[in-house]
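Colleague: This is the structure, below, for whatever I ask next.
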Amino acid sequence: MKSIAITITALLIVSVSFVTISCKKETDCKAVIKCVDASGYPVSGANVYLYAPVPVRTNTGTTTYTADVTASGTTDGSGVASFVFELPATFDIRATATIDTSSALGMGVIKLEEGQTVDRTVILRKTN
């Protein structure tokens with residue numbers, strides 16, 4: 001009788017452990033930003049800045065924007081910068097680089113979803 005009780009207890013512990021482990025969901029939100037030039041070629045070394053602008057009302061009645069959540073990185077040799085966030089969010093993207101001695105700028109928006117990887121391509125255009 002004692003061995004049956006031990007066996008049932010062991011089975012319950014294993015069952016609870018299995019259910020707990022199998023229910024864990026991947027919730028990280030991943031952003032993969034690819035920077036390309038106007039011809040579609042990857043831009044390595046581009047500075048990529050993600051920011052979630054939050055409107056703030058001033059005492060004078062005007063609205064200004066501040067970036068509550070930010071992240072920055074540099075693109076690799078294939079023009080890609082990756083970011084991981086714990087929660088879903090919508091970010092503005094600002095990418096800058098030097099292309100052929102000229103400054104270049106690219107802008108965009110990315111909406112991150114829970115447990116998903118979202119890819120976005122930003123085209124950098126020369127500004128001068």
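Residue numbering restarts at 1 for every chain of the structure tokens, chains are lettered A, B, ... in their displayed order, and ligands are numbered from 1 as they appear.
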Skipping near chain neighbours, those fewer than 3 positions away, what residues fall within 12 Å of Val69 (chain A) using only C-alpha atoms, listed as an MDAnalysis selection string?
Modeller: chainID A and resid 49:54 66 72 85:92
Colleague: Taking only C-alpha atoms into account, name the residue in A:Leu112, A:Ala31, A:Leu105, A:Val43 that is nearest to Asp76 (chain A).
Modeller: A:Val43
Colleague: Where in chain A does DSSP assign strand (DSSP E), given as a ChimeraX atom specification?
Modeller: /A:29-36,47-57,63-74,80-85,90-99,102-111,117-123,125-126
Colleague: Nearest to Ser102 (chain A): which of A:Gly77, A:Val32, A:Arg125, A:Glu26 is it, counting only C-alpha atoms?
Modeller: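 Checking each candidate against Ser102 (chain A), we get A:Arg125 as the closest.
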Colleague: Give me the residues near Cys35 (chain A) as a VMD selection string, where near means some atom within 12 Å (using only C-alpha atoms) and where sequence neighbours in that chain fewer than 6 positions away do not count.
Modeller: chain A and resid 41 to 49 73 to 82 93 to 97 99 104 to 108 119 to 125
